[in-house]
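Reproduced below: model.txt, with compact mmCIF, C-alpha atoms.
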```txt
# COMPACT_ATOMS: atom_id res chain seq x y z
CA TYR A 2 -26.49 65.19 33.50
CA LEU A 3 -25.13 65.32 37.03
CA ILE A 4 -21.37 65.61 37.23
CA ASP A 5 -19.40 64.57 40.31
CA ASN A 6 -16.78 67.29 40.67
CA LYS A 7 -14.57 65.05 42.78
CA LYS A 8 -14.46 62.19 40.30
CA GLU A 9 -12.45 63.41 37.32
CA ASN A 10 -13.87 62.47 33.89
CA GLN A 11 -16.72 60.44 35.41
CA MET A 12 -20.28 61.20 34.39
CA THR A 13 -23.10 59.96 36.61
CA LYS A 14 -26.14 58.93 34.65
CA ASN A 15 -28.59 56.52 36.28
CA LYS A 16 -25.89 55.64 38.85
CA LYS A 17 -25.99 56.22 42.60
CA TYR A 18 -23.14 57.80 44.57
CA LYS A 19 -23.00 58.93 48.17
CA LEU A 20 -22.66 62.64 47.46
CA SER A 21 -23.72 65.84 49.09
CA THR A 22 -25.43 68.39 46.83
CA HIS A 23 -22.44 70.75 46.83
CA GLN A 24 -20.42 68.04 45.05
CA LEU A 25 -22.80 67.96 42.08
CA LYS A 26 -22.78 70.07 38.96
CA TYR A 27 -25.73 70.35 36.57
CA ILE A 28 -24.99 70.50 32.84
CA HIS A 29 -27.44 70.73 29.98
CA GLY A 30 -25.73 68.23 27.66
CA GLU A 31 -22.65 67.71 25.54
CA ARG A 32 -20.81 69.76 22.94
CA TYR A 33 -17.73 68.92 20.90
CA ARG A 34 -15.52 72.02 21.00
CA PRO A 35 -11.89 71.12 20.17
CA ASN A 36 -10.85 74.79 20.06
CA ASN A 37 -11.84 75.25 23.70
CA PRO A 38 -9.48 73.68 26.28
CA ASN A 39 -12.04 73.82 29.10
CA LYS A 40 -13.87 70.74 30.24
CA TYR A 41 -17.07 72.72 30.89
CA ILE A 42 -18.21 75.40 28.49
CA ILE A 43 -21.04 77.91 28.47
CA GLU A 44 -22.95 78.66 25.26
CA ASP A 45 -25.94 81.02 25.24
CA GLY A 46 -25.93 81.00 29.02
CA ILE A 47 -26.17 77.19 29.24
CA GLU A 48 -23.38 74.98 30.55
CA TYR A 49 -22.25 71.89 28.63
CA LEU A 50 -19.67 69.14 28.96
CA ASN A 51 -16.98 69.53 26.30
CA THR A 52 -16.41 66.02 24.89
CA ALA A 53 -13.27 66.98 22.95
CA VAL A 54 -10.40 65.28 24.77
CA PRO A 55 -6.95 66.77 24.06
CA THR A 56 -4.03 64.42 23.52
CA SER A 57 -0.85 64.73 25.53
CA PHE A 58 0.74 66.43 22.51
CA MET A 59 -1.94 69.12 22.51
CA LYS A 60 -1.13 69.96 26.12
CA LEU A 61 2.55 70.61 25.43
CA ASN A 62 3.82 74.17 25.47
CA GLY A 63 7.10 75.96 25.09
CA LYS A 64 9.74 75.72 22.40
CA PRO A 65 10.95 72.34 21.12
CA GLU A 66 14.04 70.97 22.82
CA ASN A 67 15.34 69.76 19.44
CA GLU A 68 14.40 70.46 15.87
CA PRO A 69 12.08 67.65 14.62
CA LYS A 70 14.37 67.21 11.61
CA ALA A 71 13.17 63.80 10.42
CA ILE A 72 9.54 64.95 10.34
CA LEU A 73 10.40 68.19 8.58
CA ASP A 74 12.59 66.34 6.05
CA LEU A 75 9.77 63.88 5.43
CA LEU A 76 7.30 66.70 4.76
CA PHE A 77 9.78 68.55 2.54
CA ASN A 78 10.26 65.41 0.44
CA LEU A 79 6.53 64.70 0.40
CA LEU A 80 5.84 68.23 -0.85
CA GLY A 81 8.26 68.00 -3.75
CA PHE A 82 11.00 70.15 -2.14
CA ASP A 83 8.87 73.26 -2.72
CA HIS A 84 9.76 75.85 -0.04
CA MET A 85 6.62 77.94 -0.54
CA PHE A 86 4.27 74.96 -0.37
CA PHE A 87 6.22 73.59 2.62
CA GLU A 88 5.60 76.82 4.54
CA TYR A 89 1.95 76.83 3.48
CA PHE A 90 1.46 73.21 4.59
CA LEU A 91 3.04 73.76 8.01
CA ASN A 92 0.72 76.73 8.54
CA TRP A 93 -2.21 74.61 7.30
CA ILE A 94 -1.51 71.92 9.90
CA ALA A 95 -0.68 74.33 12.72
CA CYS A 96 -3.79 76.46 12.21
CA ASN A 97 -6.01 73.60 13.31
CA PHE A 98 -3.66 71.87 15.73
CA ALA A 99 -2.32 74.92 17.59
CA LEU A 100 -5.15 77.44 17.19
CA GLY A 101 -8.17 75.15 16.81
CA LYS A 102 -9.14 77.06 13.66
CA ARG A 103 -10.15 74.92 10.73
CA PRO A 104 -8.57 76.21 7.49
CA LEU A 105 -11.15 76.72 4.74
CA THR A 106 -8.94 75.06 2.15
CA ALA A 107 -8.01 71.45 1.45
CA VAL A 108 -4.67 70.06 0.29
CA ILE A 109 -4.13 67.56 -2.52
CA ILE A 110 -0.89 65.56 -2.62
CA PHE A 111 -0.37 63.15 -5.49
CA GLY A 112 2.64 61.17 -6.60
CA LEU A 113 4.43 57.88 -6.52
CA GLU A 114 3.61 55.30 -3.90
CA GLY A 115 6.14 55.23 -1.09
CA THR A 116 6.86 58.97 -0.78
CA GLY A 117 5.54 59.23 2.79
CA LYS A 118 1.81 59.88 2.45
CA GLY A 119 1.04 57.01 4.82
CA ILE A 120 3.55 58.22 7.42
CA LEU A 121 1.97 61.67 7.33
CA TYR A 122 -1.38 60.17 8.31
CA HIS A 123 0.39 58.24 11.09
CA ILE A 124 1.76 61.55 12.41
CA MET A 125 -1.66 63.21 12.39
CA GLU A 126 -3.23 60.23 14.18
CA LYS A 127 -0.66 60.60 16.93
CA LEU A 128 -1.12 64.37 17.26
CA TYR A 129 -4.93 64.39 17.31
CA GLY A 130 -5.68 60.90 18.61
CA LYS A 131 -6.83 57.98 16.50
CA GLU A 132 -10.53 58.50 17.22
CA TYR A 133 -10.36 62.07 15.91
CA CYS A 134 -8.84 61.14 12.55
CA SER A 135 -10.43 59.33 9.65
CA GLN A 136 -9.07 57.77 6.46
CA LEU A 137 -11.70 57.48 3.73
CA ASN A 138 -11.67 55.39 0.58
CA ALA A 139 -14.18 54.61 -2.18
CA GLU A 140 -16.21 52.35 0.14
CA SER A 141 -16.70 55.21 2.62
CA PHE A 142 -18.66 57.28 0.08
CA LYS A 143 -21.24 54.66 -0.92
CA SER A 144 -23.90 56.19 1.33
CA ASP A 145 -24.42 59.12 3.69
CA TYR A 146 -25.06 56.52 6.40
CA LYS A 147 -21.48 55.26 6.05
CA LEU A 148 -19.96 58.69 5.54
CA ALA A 149 -21.52 60.59 8.46
CA PRO A 150 -19.72 58.81 11.35
CA SER A 151 -16.45 59.01 9.42
CA VAL A 152 -16.47 62.81 9.40
CA GLU A 153 -18.41 63.77 12.54
CA ASN A 154 -16.21 65.13 15.35
CA LYS A 155 -13.02 64.54 13.35
CA ARG A 156 -10.05 66.89 13.30
CA PHE A 157 -8.17 65.38 10.36
CA ILE A 158 -9.65 63.56 7.36
CA ASN A 159 -7.57 61.82 4.70
CA CYS A 160 -9.37 60.92 1.47
CA ASP A 161 -7.03 58.32 0.03
CA GLU A 162 -7.19 57.06 -3.57
CA ILE A 163 -10.80 57.98 -4.18
CA THR A 164 -11.96 57.68 -7.79
CA LEU A 165 -12.71 60.44 -10.27
CA SER A 166 -16.40 59.53 -10.24
CA ILE A 167 -16.52 59.93 -6.43
CA HIS A 168 -14.73 63.27 -6.59
CA ARG A 169 -17.21 64.38 -9.24
CA ASN A 170 -20.38 62.97 -7.65
CA ARG A 171 -19.49 64.00 -4.10
CA GLU A 172 -18.39 67.50 -5.05
CA PRO A 173 -21.25 69.14 -3.04
CA PHE A 174 -20.03 67.31 0.09
CA PHE A 175 -16.39 68.32 -0.37
CA LYS A 176 -17.33 71.91 -1.13
CA GLY A 177 -19.68 72.10 1.84
CA TYR A 178 -17.39 70.41 4.32
CA ILE A 179 -14.35 72.50 3.42
CA ALA A 180 -16.09 75.88 3.31
CA ASN A 181 -19.01 75.71 5.77
CA PRO A 182 -19.28 75.25 9.56
CA THR A 183 -22.02 72.61 9.17
CA PHE A 184 -23.17 70.14 6.53
CA LYS A 185 -26.13 67.76 6.17
CA LEU A 186 -25.51 64.02 5.88
CA GLY A 187 -28.89 62.73 6.95
CA LYS A 188 -28.40 64.92 10.00
CA THR A 189 -26.54 68.19 10.51
CA ILE A 190 -22.82 67.60 10.98
CA GLU A 191 -20.57 70.21 12.57
CA ASN A 192 -17.33 70.51 10.61
CA HIS A 193 -14.22 70.57 12.79
CA GLY A 194 -11.68 68.89 10.52
CA GLN A 195 -9.40 69.65 7.63
CA ILE A 196 -9.23 67.43 4.54
CA LEU A 197 -6.11 66.03 2.91
CA PHE A 198 -6.52 64.22 -0.43
CA THR A 199 -3.80 61.73 -1.37
CA ALA A 200 -3.46 59.71 -4.54
CA ASN A 201 -0.83 58.21 -6.79
CA TYR A 202 -2.17 60.00 -9.88
CA PHE A 203 -3.54 63.51 -10.37
CA THR A 204 -6.14 62.30 -12.86
CA VAL A 205 -8.52 61.24 -10.05
CA PHE A 206 -9.28 64.91 -9.25
CA LYS A 207 -11.67 67.34 -10.90
CA ILE A 208 -11.14 71.07 -10.27
CA ASN A 209 -12.68 74.00 -12.10
CA ASP A 210 -10.79 77.17 -12.96
CA ARG A 211 -12.76 79.28 -10.42
CA ASP A 212 -11.83 77.02 -7.52
CA ARG A 213 -10.97 78.58 -4.17
CA ARG A 214 -10.67 75.39 -2.11
CA TYR A 215 -7.77 73.19 -3.26
CA SER A 216 -4.01 73.57 -2.99
CA CYS A 217 -2.26 70.90 -5.06
CA LYS A 218 1.27 69.48 -4.99
CA GLU A 219 3.12 66.57 -6.53
CA SER A 220 5.28 64.59 -4.11
CA GLY A 221 9.02 64.05 -4.36
CA PHE A 222 11.16 60.91 -4.31
CA LYS A 223 10.20 57.48 -3.07
CA LEU A 224 11.69 57.11 0.41
CA GLU A 225 13.61 53.99 -0.54
CA GLU A 226 15.50 56.03 -3.16
CA ASN A 227 17.07 58.22 -0.46
CA ASN A 228 17.60 55.38 2.00
CA PHE A 229 14.55 56.42 4.01
CA LEU A 230 15.97 59.88 4.69
CA GLY A 231 19.22 58.26 5.79
CA PHE A 232 17.68 55.98 8.43
CA GLY A 233 18.09 52.81 6.38
CA SER A 234 14.58 51.35 6.69
CA TYR A 235 10.95 52.32 7.03
CA GLU A 236 10.85 50.98 10.59
CA ALA A 237 13.88 53.02 11.67
CA LEU A 238 12.41 56.19 10.12
CA GLU A 239 9.05 55.64 11.79
CA ALA A 240 10.74 55.10 15.17
CA LYS A 241 12.67 58.36 14.77
CA ILE A 242 9.51 60.21 13.78
CA ASP A 243 7.67 58.86 16.84
CA SER A 244 10.48 60.10 19.07
CA GLU A 245 10.23 63.59 17.53
CA LEU A 246 6.47 63.99 17.94
CA PRO A 247 6.65 65.98 21.23
CA ASP A 248 9.08 68.43 19.64
CA PHE A 249 7.00 68.60 16.46
CA ALA A 250 3.88 69.46 18.50
CA LYS A 251 5.79 72.27 20.20
CA TYR A 252 7.24 73.32 16.84
CA LEU A 253 3.75 73.74 15.38
CA LYS A 254 2.61 75.73 18.41
CA SER A 255 5.67 78.00 18.25
CA LEU A 256 5.11 78.95 14.60
CA ASN A 257 4.04 82.47 13.78
CA ILE A 258 0.93 81.15 12.05
CA ASP A 259 -0.20 83.22 9.08
CA VAL A 260 -3.98 82.66 9.07
CA ASP A 261 -4.40 85.05 6.12
CA LEU A 262 -2.15 82.78 4.05
CA LEU A 263 -4.75 80.02 4.37
CA LYS A 264 -7.73 82.04 3.18
CA GLU A 265 -6.88 81.21 -0.41
CA PRO A 266 -5.35 78.09 -1.99
CA LEU A 267 -1.92 78.27 -3.58
CA ASP A 268 -1.69 78.59 -7.33
CA THR A 269 0.68 75.82 -8.42
CA PRO A 270 1.60 74.25 -11.77
CA GLU A 271 0.04 71.02 -10.51
CA LYS A 272 -3.29 72.73 -9.87
CA ARG A 273 -3.28 74.34 -13.31
CA LEU A 274 -2.55 70.90 -14.79
CA ILE A 275 -5.55 69.36 -12.99
CA ILE A 276 -7.81 72.24 -14.04
CA GLY A 277 -6.75 71.80 -17.66
CA MET A 278 -7.24 68.05 -17.49
CA SER A 279 -10.65 68.48 -15.85
CA LYS A 280 -11.77 70.52 -18.85
CA SER A 281 -10.55 68.16 -21.54
CA TYR A 282 -9.93 64.69 -20.12
CA LEU A 283 -12.92 62.99 -21.78
CA LYS A 284 -12.44 64.72 -25.14
CA ASP A 285 -8.71 63.91 -25.15
CA PHE A 286 -9.53 60.28 -24.40
CA HIS A 287 -12.13 60.25 -27.16
CA ASP A 288 -9.73 61.82 -29.68
CA ALA A 289 -6.98 59.33 -28.84
CA LEU A 290 -9.36 56.45 -29.57
CA VAL A 291 -10.71 57.97 -32.78
CA ASN A 292 -7.22 58.73 -34.09
CA LEU A 293 -5.75 55.42 -32.87
CA ASN A 294 -3.14 57.42 -30.93
CA ILE A 295 -1.36 54.72 -28.96
CA ASP A 296 1.14 57.22 -27.54
CA TYR A 297 -1.68 58.73 -25.46
CA PHE A 298 -2.07 55.39 -23.70
CA SER A 299 1.62 55.02 -22.85
CA ARG A 300 0.71 56.27 -19.34
CA LEU A 301 -1.29 53.12 -18.64
CA ARG A 302 -0.15 51.38 -15.46
CA ASN A 303 -1.42 48.03 -16.71
CA SER A 304 1.36 46.95 -19.09
CA LYS A 305 -0.63 44.00 -20.48
CA LEU A 306 -3.53 46.29 -21.31
CA PHE A 307 -1.17 48.67 -23.10
CA GLU A 308 0.39 45.81 -25.09
CA ALA A 309 -3.06 44.58 -26.19
CA MET A 310 -4.17 48.07 -27.23
CA ASP A 311 -0.88 48.71 -29.00
CA LYS A 312 -1.27 45.52 -31.04
CA ASP A 313 -4.89 46.28 -31.97
CA MET A 314 -4.21 49.88 -32.96
CA ARG A 315 -0.94 49.43 -34.84
CA PHE A 316 -1.60 46.19 -36.68
CA TYR A 317 -5.39 45.99 -37.05
CA SER A 318 -6.57 49.64 -36.81
CA ARG A 319 -9.16 48.64 -34.25
CA ILE A 320 -10.05 48.90 -30.56
CA ASN A 321 -11.34 46.10 -28.36
CA ARG A 322 -14.56 47.47 -26.86
CA ALA A 323 -13.85 45.76 -23.54
CA ASN A 324 -10.56 47.66 -23.22
CA VAL A 325 -12.13 51.11 -23.46
CA ALA A 326 -13.45 51.24 -19.88
CA LEU A 327 -10.36 49.43 -18.58
CA ALA A 328 -8.10 52.08 -20.13
CA TYR A 329 -10.25 54.96 -18.90
CA ASN A 330 -10.35 53.63 -15.34
CA ASP A 331 -6.60 52.99 -15.36
CA LEU A 332 -5.79 56.49 -16.60
CA PHE A 333 -8.25 58.41 -14.45
CA GLY A 334 -8.62 56.26 -11.34
CA ASP A 335 -12.31 55.76 -12.05
CA ASN A 336 -14.57 52.70 -11.94
CA ILE A 337 -16.88 53.47 -14.84
CA SER A 338 -18.61 50.62 -16.68
CA THR A 339 -18.21 49.84 -20.38
CA ALA A 340 -21.84 50.82 -21.02
CA ASP A 341 -21.42 54.20 -19.29
CA ILE A 342 -18.16 55.19 -20.99
CA MET A 343 -19.54 54.18 -24.38
CA LYS A 344 -22.60 56.34 -23.75
CA GLN A 345 -20.39 59.34 -22.98
CA LEU A 346 -18.23 58.72 -26.04
CA ARG A 347 -21.30 58.51 -28.28
CA ALA A 348 -22.47 61.89 -26.95
CA LEU A 349 -19.14 63.43 -28.02
CA ASN A 350 -18.94 61.72 -31.40
CA GLN A 351 -21.35 62.73 -34.13
CA GLU A 352 -20.09 60.29 -36.75
CA GLY A 353 -21.28 57.00 -35.33
CA ILE A 354 -17.87 55.55 -34.48
CA PHE A 355 -19.02 54.21 -31.12
CA GLU A 356 -22.47 53.09 -32.27
CA GLU A 357 -23.40 49.41 -32.27
CA TYR A 358 -23.34 49.17 -36.08
CA ASN A 359 -19.60 49.97 -36.04
CA ILE A 360 -18.83 47.27 -33.46
CA LEU A 361 -18.18 43.86 -34.98
CA HIS A 362 -17.63 40.41 -33.49
CA SER A 363 -14.39 38.49 -33.75
CA GLY A 364 -14.69 35.37 -31.63
CA SER A 365 -15.69 36.48 -28.15
CA ASN A 366 -14.45 40.05 -28.62
CA HIS A 367 -16.20 43.15 -29.96
CA TYR A 368 -14.07 45.56 -31.98
CA ILE A 369 -14.58 49.22 -32.82
CA TYR A 370 -13.21 50.51 -36.14
CA PRO A 371 -12.52 54.26 -35.93
CA LYS A 372 -13.11 56.83 -38.63
CA GLY A 373 -11.31 56.36 -41.92
CA LYS A 374 -10.23 52.79 -41.15
CA LYS A 375 -11.20 49.86 -43.32
CA ILE A 376 -12.79 46.76 -41.81
```
Show me this structure written as structure tokens.
Amino acid sequence: YLIDNKKENQMTKNKKYKLSTHQLKYIHGERYRPNNPNKYIIEDGIEYLNTAVPTSFMKLNGKPENEPKAILDLLFNLLGFDHMFFEYFLNWIACNFALGKRPLTAVIIFGLEGTGKGILYHIMEKLYGKEYCSQLNAESFKSDYKLAPSVENKRFINCDEITLSIHRNREPFFKGYIANPTFKLGKTIENHGQILFTANYFTVFKINDRDRRYSCKESGFKLEENNFLGFGSYEALEAKIDSELPDFAKYLKSLNIDVDLLKEPLDTPEKRLIIGMSKSYLKDFHDALVNLNIDYFSRLRNSKLFEAMDKDMRFYSRINRANVALAYNDLFGDNISTADIMKQLRALNQEGIFEEYNILHSGSNHYIYPKGKKI
């Protein structure tokens, strides 16, 4: 590439300008280096154009003129009013934003809808720039072809309401992206971002007891329950947050960032709960079906599904086969098919409860009769 030093941010490629040779600069190519503020960078003795463009917030320096109270209150509520996790999370954000150092841990926030998870992503989009942030859902993980552009050259990635099956099947990607500087998705991707997982229910996550990647926290109150932090409406709160963004950027840069704090995830009750559930979730589900334990299914979000299962279990000592996958997907945020969940249940059960010979027709429905129950 030939760069015209007198034309800021303009690259000349196959274009003609009336220039003398002293106005031209030769560069070898492009590199994305968000931790380097310089427009031109030298690596291994070769000069490149740095394509990472800082936002106006990244260029701010000095101490904040005012405390960004609305933003800090929002985060404190979102993080369940936990002072230790609040400090950890601020360091986690600031490490990448202020220092350009990607923390080698990810954060999981789960809880009720309306606690501020969406506003947090709005804040990060403003700080880093929309093109450097990415919000992923189940559709994003259907192929490497779709996933690669969603994570390449991103500074902040929000995996929102992904299913248990995705978290399980894409575990190599999450592990690789969080811990390693590069990862292969058809091509080699340089990892520059940090990952935030958000969900309404903790049951969509799978974590083993030797994990060194995830810090987990349950969110606090729904914003409408505290009058949107005293601002009366979502719109008024968002406007206040937007006005505080310059001070919040300075606030993050002024923190005494503890990089060592981010080398390991926090041990929280929520994480221990997810680890325990990851070990036993399928067996507990199996046992609840076998023992016709309707109380186990009281957590179902689908009230009509719960009512149907309650009626079948209490009055007929049976389970509608079609409701098994529906209940599993509702409880664990998955999208497993009836055939697949039945296959897994058969592998756990040695007494034939989920075999075809124990499934009888009644009209258009197929009912399972658990152990010890009379047909």
Would you please work out which residue, of A:Glu236, A:Glu172, A:Asp331, A:Glu191, is nearest to A:Pro150 when using only C-alpha atoms?
->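 Answer, going by the shortest atom-to-atom distance: A:Glu191.
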Computed interatomic separation between atom CA of A:Glu48 and atom CA of A:Asn181 (Å) |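 Computing the Euclidean distance for atom CA of A:Glu48 and atom CA of A:Asn181 yields 25.2 Å.
Look at A:Leu137: the protein and nucleic acid residues within 7 Å of it, using only C-alpha atoms and passing over chain neighbours fewer than 6 places away, are Asn159, Cys160 and Asp161 of chain A.
Summary of the local environment: counting all atoms listed in the file, residues at most 12 Å from A:His123, other than itself and those fewer than 2 positions away along its chain, are Ile72, Gly117, Lys118, Gly119, Ile120, Leu121, Met125, Glu126, Lys127, Leu128, Tyr129, Gly130, Lys131, Cys134, Ser135, Gln136, Phe157, Ile158, Asn159, Glu239, Ala240, Ile242, Asp243 and Leu246 of chain A.
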Go through A:Asn209, A:Ser166, A:Gly233, A:Thr269 one by one, measure the shortest atom-to-atom distance of each to A:Ile342 using all atoms listed in the file, and give the residue with the smallest value.
->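 Closest to A:Ile342 of all the choices is A:Ser166.
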Which of A:Phe249, A:Phe222, A:Phe175, A:Tyr89 sits closest to A:Asn67 [using only C-alpha atoms] =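 Between A:Phe249, A:Phe222, A:Phe175, A:Tyr89, the residue approaching A:Asn67 most closely is A:Phe249.
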From atom CA of A:Asn324 to atom CA of A:Leu306 the spacing works out at 7.4 Å
Here atom CA of A:Glu114 and atom CA of A:Ala326 stand apart by 23.7 Å
Between A:Gly46, A:Phe203, A:Phe90, A:Ile190, which is the closest to A:Ser151 once you count only C-alpha atoms?
->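 Using only C-alpha atoms, the shortest distance to A:Ser151 belongs to A:Ile190.
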